[in-house]
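One file, entry-v5.pdb, is given below (PDB, C-alpha atoms).
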```
MODEL        1
ATOM      1  CA  MET A 351      29.262  -6.247  18.347
ATOM      2  CA  SER A 352      32.093  -8.690  18.065
ATOM      3  CA  LEU A 353      35.381  -8.055  16.378
ATOM      4  CA  ASP A 354      35.710 -11.773  15.779
ATOM      5  CA  ARG A 355      32.937 -11.943  13.263
ATOM      6  CA  SER A 356      32.824 -10.741   9.714
ATOM      7  CA  TRP A 357      30.571  -7.968   8.514
ATOM      8  CA  GLN A 358      28.776 -10.529   6.368
ATOM      9  CA  ASP A 359      27.894 -12.555   9.457
ATOM     10  CA  ASP A 360      26.609  -9.532  11.346
ATOM     11  CA  TRP A 361      24.739  -8.267   8.297
ATOM     12  CA  ALA A 362      23.080 -11.631   7.710
ATOM     13  CA  GLU A 363      21.581 -11.563  11.202
ATOM     14  CA  THR A 364      19.733  -8.282  10.701
ATOM     15  CA  TRP A 365      16.735  -7.207   8.688
ATOM     16  CA  LEU A 366      19.122  -5.231   6.502
ATOM     17  CA  SER A 367      19.897  -8.408   4.575
ATOM     18  CA  ASP A 368      16.239  -9.255   4.020
ATOM     19  CA  PRO A 369      15.148  -7.607   0.745
ATOM     20  CA  ALA A 370      11.447  -8.161   1.416
ATOM     21  CA  TYR A 371      11.645  -6.456   4.818
ATOM     22  CA  VAL A 372      13.741  -3.616   3.429
ATOM     23  CA  GLY A 373      11.185  -3.170   0.663
ATOM     24  CA  MET A 374       8.336  -3.050   3.137
ATOM     25  CA  LEU A 375      10.011  -0.376   5.267
ATOM     26  CA  ASP A 376      10.997   1.570   2.163
ATOM     27  CA  HIS A 377       7.377   1.506   1.045
ATOM     28  CA  TRP A 378       6.121   2.657   4.439
ATOM     29  CA  VAL A 379       8.605   5.539   4.688
ATOM     30  CA  ARG A 380       7.832   6.750   1.157
ATOM     31  CA  ARG A 381       4.115   6.593   1.892
ATOM     32  CA  ARG A 382       4.526   8.662   5.056
ATOM     33  CA  HIS A 383       6.646  11.146   3.116
ATOM     34  CA  VAL A 384       3.940  11.567   0.506
ATOM     35  CA  GLN A 385       1.244  11.927   3.150
ATOM     36  CA  HIS A 386       3.149  14.686   4.950
ATOM     37  CA  HIS A 387       3.675  16.550   1.698
ATOM     38  CA  GLU A 388       0.017  16.199   0.827
ATOM     39  CA  ALA A 389      -0.979  17.529   4.242
ATOM     40  CA  ALA A 390       0.994  20.643   3.327
ATOM     41  CA  GLU A 391      -0.690  20.708  -0.099
ATOM     42  CA  ARG A 392       2.515  19.840  -1.898
ATOM     43  CA  HIS A 393       2.749  17.199  -4.548
ATOM     44  CA  ALA A 394       5.437  14.599  -3.938
ATOM     45  CA  PRO A 395       6.081  11.845  -6.459
ATOM     46  CA  TYR A 396       6.279   8.523  -4.684
ATOM     47  CA  GLY A 397       9.091   7.238  -6.858
ATOM     48  CA  THR A 398      11.420  10.142  -6.189
ATOM     49  CA  VAL A 399      10.045  11.525  -2.962
ATOM     50  CA  GLY A 400      13.389  12.421  -1.440
ATOM     51  CA  PRO A 401      17.124  12.084  -1.879
ATOM     52  CA  TRP A 402      17.336   9.395   0.787
ATOM     53  CA  THR A 403      15.339   6.213   0.768
ATOM     54  CA  VAL A 404      15.449   3.189   3.027
ATOM     55  CA  ALA A 405      16.332   0.933   0.113
ATOM     56  CA  GLY A 406      19.081   3.251  -1.056
ATOM     57  CA  LEU A 407      20.572   3.717   2.401
ATOM     58  CA  VAL A 408      20.508   0.033   3.221
ATOM     59  CA  SER A 409      22.457  -0.747   0.080
ATOM     60  CA  ASP A 410      24.830   2.089   0.978
ATOM     61  CA  VAL A 411      25.430   0.618   4.428
ATOM     62  CA  HIS A 412      26.436  -2.705   2.932
ATOM     63  CA  ARG A 413      28.444  -1.183   0.113
ATOM     64  CA  HIS A 414      30.521   0.969   2.452
ATOM     65  CA  ALA A 415      30.974  -1.798   4.985
ATOM     66  CA  MET A 416      32.205  -4.232   2.350
ATOM     67  CA  THR A 417      34.985  -1.809   1.507
ATOM     68  CA  SER A 418      35.715  -1.066   5.176
ATOM     69  CA  HIS A 419      34.498   2.513   4.864
ATOM     70  CA  TRP A 420      33.114   2.326   8.375
ATOM     71  CA  LEU A 421      32.525   6.017   8.927
ATOM     72  CA  TRP A 422      30.425   6.223   5.793
ATOM     73  CA  ALA A 423      28.571   3.048   6.742
ATOM     74  CA  THR A 424      27.846   4.607  10.145
ATOM     75  CA  THR A 425      26.690   7.809   8.479
ATOM     76  CA  ALA A 426      24.275   5.867   6.296
ATOM     77  CA  ILE A 427      22.958   4.051   9.373
ATOM     78  CA  CYS A 428      22.411   7.394  11.112
ATOM     79  CA  PHE A 429      20.474   8.779   8.163
ATOM     80  CA  LEU A 430      18.519   5.557   8.055
ATOM     81  CA  GLN A 431      17.474   5.959  11.688
ATOM     82  CA  GLU A 432      16.145   9.414  10.952
ATOM     83  CA  LEU A 433      13.995   8.111   8.133
ATOM     84  CA  LEU A 434      12.707   5.221  10.189
ATOM     85  CA  PHE A 435      12.207   6.849  13.551
ATOM     86  CA  CYS A 436      11.215  10.403  12.616
ATOM     87  CA  ILE A 437       9.106  10.022   9.492
ATOM     88  CA  ASP A 438       5.927   9.018  11.263
ATOM     89  CA  ASP A 439       5.562  12.563  12.590
ATOM     90  CA  GLY A 440       7.395  14.104   9.684
ATOM     91  CA  GLY A 441      10.128  15.993  11.485
ATOM     92  CA  VAL A 442      13.668  15.616  12.731
ATOM     93  CA  ASP A 443      12.665  14.537  16.217
ATOM     94  CA  MET A 444      11.865  11.018  17.264
ATOM     95  CA  SER A 445       8.320  10.029  16.537
ATOM     96  CA  ARG A 446       5.968  10.141  19.486
ATOM     97  CA  HIS A 447       4.817   6.653  18.582
ATOM     98  CA  LEU A 448       8.124   4.882  19.094
ATOM     99  CA  SER A 449       8.040   1.872  21.326
ATOM    100  CA  ASP A 450       9.765   2.157  24.681
ATOM    101  CA  ASP A 451      11.302  -1.222  23.960
ATOM    102  CA  PHE A 452      14.053   0.248  21.808
ATOM    103  CA  ILE A 453      14.018   3.954  22.600
ATOM    104  CA  ASP A 454      17.510   3.812  24.122
ATOM    105  CA  GLU A 455      18.975   2.325  20.956
ATOM    106  CA  VAL A 456      17.315   5.028  18.877
ATOM    107  CA  LYS A 457      18.675   7.754  21.160
ATOM    108  CA  THR A 458      22.156   6.336  20.849
ATOM    109  CA  LEU A 459      21.915   6.337  17.085
ATOM    110  CA  ARG A 460      20.831   9.954  17.272
ATOM    111  CA  TYR A 461      23.867  10.887  19.354
ATOM    112  CA  LEU A 462      25.955   9.190  16.722
ATOM    113  CA  ARG A 463      24.110  11.113  14.041
ATOM    114  CA  ASN A 464      25.057  14.383  15.689
ATOM    115  CA  VAL A 465      28.671  13.370  15.780
ATOM    116  CA  VAL A 466      28.915  12.162  12.199
ATOM    117  CA  ALA A 467      26.557  14.651  10.541
ATOM    118  CA  HIS A 468      27.639  17.761  12.453
ATOM    119  CA  PRO A 469      31.373  17.197  12.853
ATOM    120  CA  ALA A 470      32.236  20.798  13.671
ATOM    121  CA  LYS A 471      29.656  21.311  16.365
ATOM    122  CA  MET A 472      31.040  21.408  19.890
ATOM    123  CA  PRO A 473      28.912  20.435  22.889
ATOM    124  CA  MET A 474      27.748  23.536  24.749
ATOM    125  CA  LYS A 475      27.206  21.677  27.953
ATOM    126  CA  THR A 476      28.051  18.295  29.354
ATOM    127  CA  GLY A 477      26.222  15.544  27.609
ATOM    128  CA  GLU A 478      24.829  17.577  24.739
ATOM    129  CA  ASN A 479      25.348  16.333  21.235
ATOM    130  CA  SER A 480      27.861  14.000  22.546
ATOM    131  CA  VAL A 481      29.033  10.492  22.696
ATOM    132  CA  ASP A 482      29.386  11.122  26.444
ATOM    133  CA  GLN A 483      25.818   9.979  26.806
ATOM    134  CA  THR A 484      26.709   6.450  26.175
ATOM    135  CA  THR A 485      29.730   4.711  27.539
ATOM    136  CA  ASP A 486      30.566   3.007  24.300
ATOM    137  CA  PRO A 487      28.657   4.391  21.358
ATOM    138  CA  LEU A 488      30.189   2.034  18.887
ATOM    139  CA  SER A 489      28.808  -0.845  20.866
ATOM    140  CA  VAL A 490      25.375   0.122  19.645
ATOM    141  CA  GLY A 491      24.334  -3.114  18.161
ATOM    142  CA  ARG A 492      24.318  -3.466  14.472
ATOM    143  CA  GLU A 493      22.076  -6.238  15.649
ATOM    144  CA  SER A 494      19.722  -3.507  16.841
ATOM    145  CA  LEU A 495      19.118  -2.574  13.255
TER     146      LEU A 495
ATOM    147  CA  MET B 375     -14.106   6.990  -5.875
ATOM    148  CA  ALA B 376     -12.623   3.966  -7.595
ATOM    149  CA  THR B 377     -14.953   1.056  -8.133
ATOM    150  CA  PRO B 378     -13.775  -2.379  -6.942
ATOM    151  CA  ALA B 379     -13.116  -3.311 -10.571
ATOM    152  CA  GLN B 380     -10.935  -0.234 -11.069
ATOM    153  CA  ALA B 381      -9.116  -0.877  -7.824
ATOM    154  CA  PHE B 382      -8.409  -4.447  -8.898
ATOM    155  CA  ASP B 383      -7.029  -3.260 -12.224
ATOM    156  CA  ARG B 384      -4.710  -0.800 -10.503
ATOM    157  CA  HIS B 385      -3.271  -3.599  -8.420
ATOM    158  CA  HIS B 386      -2.681  -6.016 -11.237
ATOM    159  CA  VAL B 387      -1.072  -5.329 -14.580
ATOM    160  CA  PRO B 388      -1.757  -8.117 -17.097
ATOM    161  CA  ARG B 389       1.357 -10.225 -17.864
ATOM    162  CA  MET B 390       3.377  -8.709 -15.060
ATOM    163  CA  ILE B 391       5.678 -10.908 -12.982
ATOM    164  CA  GLU B 392       5.802 -10.058  -9.305
ATOM    165  CA  GLY B 393       8.984 -10.738  -7.417
ATOM    166  CA  LEU B 394      11.855  -9.438  -5.388
ATOM    167  CA  PHE B 395      15.113  -7.751  -6.283
ATOM    168  CA  VAL B 396      17.972  -9.281  -4.355
ATOM    169  CA  GLY B 397      21.258  -7.491  -3.941
ATOM    170  CA  PRO B 398      24.750  -8.513  -2.933
ATOM    171  CA  GLY B 399      24.754 -10.028   0.523
ATOM    172  CA  GLN B 400      20.990 -10.241   0.729
ATOM    173  CA  THR B 401      19.299 -13.551   1.331
ATOM    174  CA  VAL B 402      15.751 -14.709   0.757
ATOM    175  CA  ASN B 403      14.118 -17.131   3.137
ATOM    176  CA  GLY B 404      11.029 -18.220   1.298
ATOM    177  CA  MET B 405       8.398 -16.277  -0.547
ATOM    178  CA  PRO B 406       7.490 -13.006   1.203
ATOM    179  CA  SER B 407       3.884 -12.464   2.174
ATOM    180  CA  ARG B 408       3.798  -9.364   0.020
ATOM    181  CA  LEU B 409       5.802  -8.594  -3.097
ATOM    182  CA  LEU B 410       6.496  -4.934  -3.714
ATOM    183  CA  SER B 411       8.330  -5.244  -7.030
ATOM    184  CA  ALA B 412       7.385  -6.556 -10.442
ATOM    185  CA  VAL B 413       8.486  -6.532 -14.057
ATOM    186  CA  LEU B 414       6.442  -6.372 -17.222
ATOM    187  CA  PRO B 415       7.923  -8.365 -20.140
ATOM    188  CA  VAL B 416       7.771  -6.988 -23.679
ATOM    189  CA  LEU B 417       4.883  -8.268 -25.758
ATOM    190  CA  SER B 418       7.251 -10.266 -27.935
ATOM    191  CA  ALA B 419       8.611 -12.245 -24.988
ATOM    192  CA  ASP B 420       7.450 -15.613 -23.740
ATOM    193  CA  SER B 421       8.540 -15.039 -20.194
ATOM    194  CA  ALA B 422       7.562 -18.511 -19.004
ATOM    195  CA  HIS B 423      10.019 -20.123 -21.406
ATOM    196  CA  ASP B 424      12.520 -17.520 -22.590
ATOM    197  CA  SER B 425      15.898 -17.675 -20.915
ATOM    198  CA  ALA B 426      16.240 -13.922 -21.325
ATOM    199  CA  PHE B 427      13.811 -11.115 -22.004
ATOM    200  CA  VAL B 428      13.480  -7.359 -21.779
ATOM    201  CA  CYS B 429      10.962  -5.845 -19.397
ATOM    202  CA  LEU B 430       9.792  -2.719 -17.657
ATOM    203  CA  ASP B 431      10.586  -2.228 -13.975
ATOM    204  CA  LEU B 432       7.437  -1.714 -11.868
ATOM    205  CA  TYR B 433       6.926  -0.390  -8.359
ATOM    206  CA  GLN B 434       3.890   0.195  -6.183
ATOM    207  CA  ARG B 435       3.167   3.880  -6.305
ATOM    208  CA  VAL B 436       0.940   5.479  -3.713
ATOM    209  CA  THR B 437      -1.744   7.375  -5.581
ATOM    210  CA  ASP B 438      -2.959  10.835  -4.802
ATOM    211  CA  GLY B 439      -5.733  10.603  -2.256
ATOM    212  CA  PRO B 440      -8.300  10.495  -0.978
ATOM    213  CA  PRO B 441      -9.052   7.679  -1.122
ATOM    214  CA  ARG B 442      -5.639   6.308  -0.268
ATOM    215  CA  ASP B 443      -4.656   3.651  -2.765
ATOM    216  CA  TRP B 444      -1.728   2.436  -4.812
ATOM    217  CA  GLU B 445      -1.044   1.298  -8.335
ATOM    218  CA  TRP B 446       1.780  -0.282 -10.255
ATOM    219  CA  HIS B 447       3.958   2.268 -11.963
ATOM    220  CA  VAL B 448       6.947   2.158 -14.274
ATOM    221  CA  VAL B 449      10.371   3.187 -12.946
ATOM    222  CA  SER B 450      11.612   6.152 -14.940
ATOM    223  CA  GLU B 451      15.148   7.255 -15.694
ATOM    224  CA  ILE B 452      14.929   9.725 -12.810
ATOM    225  CA  GLY B 453      13.734   6.963 -10.500
ATOM    226  CA  ARG B 454      16.966   5.036 -11.084
ATOM    227  CA  TYR B 455      18.498   7.004  -8.223
ATOM    228  CA  SER B 456      15.784   6.076  -5.739
ATOM    229  CA  TRP B 457      15.535   2.292  -5.614
ATOM    230  CA  GLY B 458      18.024  -0.055  -4.022
ATOM    231  CA  HIS B 459      18.392  -2.321  -7.048
ATOM    232  CA  THR B 460      18.717   0.498  -9.570
ATOM    233  CA  ILE B 461      21.235   2.327  -7.397
ATOM    234  CA  GLY B 462      23.156  -0.932  -7.282
ATOM    235  CA  LEU B 463      22.900  -1.428 -11.035
ATOM    236  CA  ASN B 464      24.092   2.144 -11.531
ATOM    237  CA  LEU B 465      27.214   1.129  -9.598
ATOM    238  CA  GLY B 466      27.717  -2.080 -11.545
ATOM    239  CA  GLU B 467      26.675  -4.427  -8.752
ATOM    240  CA  PRO B 468      25.240  -7.855  -9.521
ATOM    241  CA  TRP B 469      21.527  -7.833  -8.689
ATOM    242  CA  GLN B 470      19.013 -10.588  -9.173
ATOM    243  CA  PHE B 471      15.264 -10.809  -9.591
ATOM    244  CA  MET B 472      13.533 -13.683  -7.836
ATOM    245  CA  THR B 473       9.981 -14.731  -8.622
ATOM    246  CA  TRP B 474       7.572 -17.419  -7.550
ATOM    247  CA  ALA B 475       5.198 -16.703 -10.444
ATOM    248  CA  TYR B 476       5.841 -20.051 -12.074
ATOM    249  CA  GLY B 477       5.770 -22.214  -8.974
ATOM    250  CA  PRO B 478       9.279 -23.027  -7.798
ATOM    251  CA  PRO B 479      11.383 -19.903  -7.364
ATOM    252  CA  ARG B 480      13.205 -18.627 -10.417
ATOM    253  CA  VAL B 481      16.207 -16.360 -10.292
ATOM    254  CA  TYR B 482      17.272 -13.968 -13.022
ATOM    255  CA  ALA B 483      20.369 -11.855 -13.404
ATOM    256  CA  VAL B 484      19.387  -8.216 -13.898
ATOM    257  CA  ALA B 485      20.990  -5.735 -16.281
ATOM    258  CA  TYR B 486      19.945  -2.453 -17.775
ATOM    259  CA  ALA B 487      18.609  -2.448 -21.315
ATOM    260  CA  THR B 488      18.223   0.702 -23.390
ATOM    261  CA  PRO B 489      15.667   3.088 -21.827
ATOM    262  CA  ILE B 490      12.458   3.391 -23.776
ATOM    263  CA  ALA B 491      10.718   6.635 -24.738
ATOM    264  CA  PRO B 492       7.186   7.125 -23.398
ATOM    265  CA  GLY B 493       5.787   7.163 -26.919
ATOM    266  CA  ASP B 494       7.235   3.738 -27.652
ATOM    267  CA  ILE B 495       5.888   1.951 -24.590
ATOM    268  CA  ALA B 496       2.429   1.234 -25.979
ATOM    269  CA  GLY B 497       3.882  -0.488 -29.043
ATOM    270  CA  ALA B 498       6.322  -2.613 -27.092
ATOM    271  CA  TYR B 499       4.260  -3.382 -24.006
ATOM    272  CA  GLY B 500       0.651  -2.667 -24.912
ATOM    273  CA  PRO B 501      -1.447   0.483 -24.618
ATOM    274  CA  GLU B 502      -2.302  -0.187 -20.997
ATOM    275  CA  ALA B 503       1.364  -0.189 -20.014
ATOM    276  CA  ALA B 504       1.786   3.343 -21.310
ATOM    277  CA  SER B 505      -0.737   4.567 -18.757
ATOM    278  CA  TYR B 506       1.513   3.313 -15.946
ATOM    279  CA  ALA B 507       4.525   5.277 -17.155
ATOM    280  CA  TRP B 508       5.575   8.869 -16.665
ATOM    281  CA  PRO B 509       4.658  10.749 -19.860
ATOM    282  CA  GLN B 510       7.682  13.057 -19.733
ATOM    283  CA  ASP B 511      10.526  10.657 -18.894
ATOM    284  CA  LYS B 512      12.076   7.649 -20.519
ATOM    285  CA  ALA B 513      11.312   4.406 -18.741
ATOM    286  CA  VAL B 514      13.880   2.008 -17.396
ATOM    287  CA  GLN B 515      14.094  -1.295 -19.242
ATOM    288  CA  LEU B 516      15.787  -4.319 -17.741
ATOM    289  CA  THR B 517      17.125  -7.463 -19.312
ATOM    290  CA  LEU B 518      16.444 -10.515 -17.170
ATOM    291  CA  THR B 519      18.571 -13.575 -17.831
ATOM    292  CA  ARG B 520      17.543 -16.744 -16.080
ATOM    293  CA  ILE B 521      20.072 -18.355 -13.777
ATOM    294  CA  PRO B 522      19.675 -22.169 -13.824
TER     295      PRO B 522
ENDMDL
END
```
Translate the structure of the given file into structure tokens.
Amino acid sequence: MSLDRSWQDDWAETWLSDPAYVGMLDHWVRRRHVQHHEAAERHAPYGTVGPWTVAGLVSDVHRHAMTSHWLWATTAICFLQELLFCIDDGGVDMSRHLSDDFIDEVKTLRYLRNVVAHPAKMPMKTGENSVDQTTDPLSVGRESL
Amino acid sequence: MATPAQAFDRHHVPRMIEGLFVGPGQTVNGMPSRLLSAVLPVLSADSAHDSAFVCLDLYQRVTDGPPRDWEWHVVSEIGRYSWGHTIGLNLGEPWQFMTWAYGPPRVYAVAYATPIAPGDIAGAYGPEAASYAWPQDKAVQLTLTRIP
């Protein structure tokens, strides 16, 4: 991450700015959602399968960033990682099928998620639920997304 | 099990225009290999020539399985809070619809039109279109205005 560049420049270099790619991931996540519900014999409408969608969160990331609401943009990114990296197995843990190539980036996003989504929780032991686990959590590349 | 003919019909709605919704800050580098969005113009429109027309908003809905399949479906009023472009339109953002259906890419400005009741869809869009809509909810209608 560089402080010399605009958000627009960073955004343009990621898949977040590619509507076709966003649509494809949105489709895949919705489909996995529906499949998990069906496995539990629950009906889930594809069009409104959950309160968070990839397409909705991606537009939220950009919307918040454009108004310099960085904490909210980060929160949307953290929710986005949970959809993308947990939905394959349908839980809140990282999917077992994630590639080792980017597992560290995913873990860092998850530490961030704990910080932004559970602001009152205190670490019970060193390293737990903590930004301690990475030297500079905010250096997690937006380019990684 | 669906026959090949039925499966083909589910994947193609007559008169529909496939394309891509493009939001603020998003860029399109050529035609995607797969288009996941489409619109269905009203019967009274000549979408190839009209500079503006009203249409239904379609998405690819995964159907109840087995077998696993999908079909085009109409975005309902409830669905407005689920899709990137409708969330953006809800917030007053400028969104565009890009299509390659007529050869060179065309870009349209997108705006909401008055939602249409399920019982009125067949008259405005044809009886087949009504089968792609939710029977209990009004459907989203969009006005597309071509950008030269």
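Residue selection for this entry, given the PyMOL selection byres ((chain B and resi 419-429) around 7), comprises Val413, Leu414, Pro415, Val416, Leu417, Ser418, Leu430, Asp431, Gln515, Leu516, Thr517, Leu518, Thr519 and Arg520 of chain B.
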Near chain A, 7 Å: chain B residue rows, closest pairs, only C-alpha atoms, as a Markdown table:
```
| residue | atom | partner | partner_atom | distance |
| --- | --- | --- | --- | --- |
| B:Leu394 | CA | A:Ala370 | CA | 6.9 |
| B:Val396 | CA | A:Pro369 | CA | 6.1 |
| B:Gly399 | CA | A:Ser367 | CA | 6.5 |
| B:Gln400 | CA | A:Ser367 | CA | 4.4 |
| B:Thr401 | CA | A:Asp368 | CA | 5.9 |
| B:Val402 | CA | A:Asp368 | CA | 6.4 |
| B:Pro406 | CA | A:Ala370 | CA | 6.3 |
| B:Leu410 | CA | A:Gly373 | CA | 6.7 |
| B:Arg435 | CA | A:Tyr396 | CA | 5.8 |
| B:Val436 | CA | A:Tyr396 | CA | 6.2 |
| B:Gly453 | CA | A:Thr398 | CA | 5.8 |
| B:Ser456 | CA | A:Thr398 | CA | 6.0 |
| B:Trp457 | CA | A:Gly406 | CA | 5.9 |
| B:Gly458 | CA | A:Gly406 | CA | 4.6 |
| B:Ile461 | CA | A:Gly406 | CA | 6.8 |
```
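For the pair atom CA of A:Leu434 and atom CA of A:Lys457, the separation is 12.7 Å.
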Gap from atom CA of A:Arg463 to atom CA of A:Asp439 - Å, one decimal: 18.7 Å
Who sits within 10 Å of A:Leu448, all atoms listed in the file, same chain under 3 positions skipped, as a PyMOL selection string: chain A and resi 435-436+438+444-445+451-453+456
Using C-alpha atoms, can you write the selected residues to a file as a compact mmCIF listing (two decimals), in the coordinates of the input?
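Final output, result08.txt:
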```
# COMPACT_ATOMS: atom_id res chain seq x y z
CA PHE A 435 12.21 6.85 13.55
CA CYS A 436 11.22 10.40 12.62
CA ASP A 438 5.93 9.02 11.26
CA MET A 444 11.86 11.02 17.26
CA SER A 445 8.32 10.03 16.54
CA ASP A 451 11.30 -1.22 23.96
CA PHE A 452 14.05 0.25 21.81
CA ILE A 453 14.02 3.95 22.60
CA VAL A 456 17.32 5.03 18.88
```
Using all atoms listed in the file for the distances, tell me which of A:Ala415, A:Trp378, A:Asp360, A:Ser449 is nearest to B:Gln434. A:Trp378
Using all atoms listed in the file, can you tell me which of B:Ile391, B:His386, B:Ile521, B:Phe471 comes closest to B:Trp444? B:His386
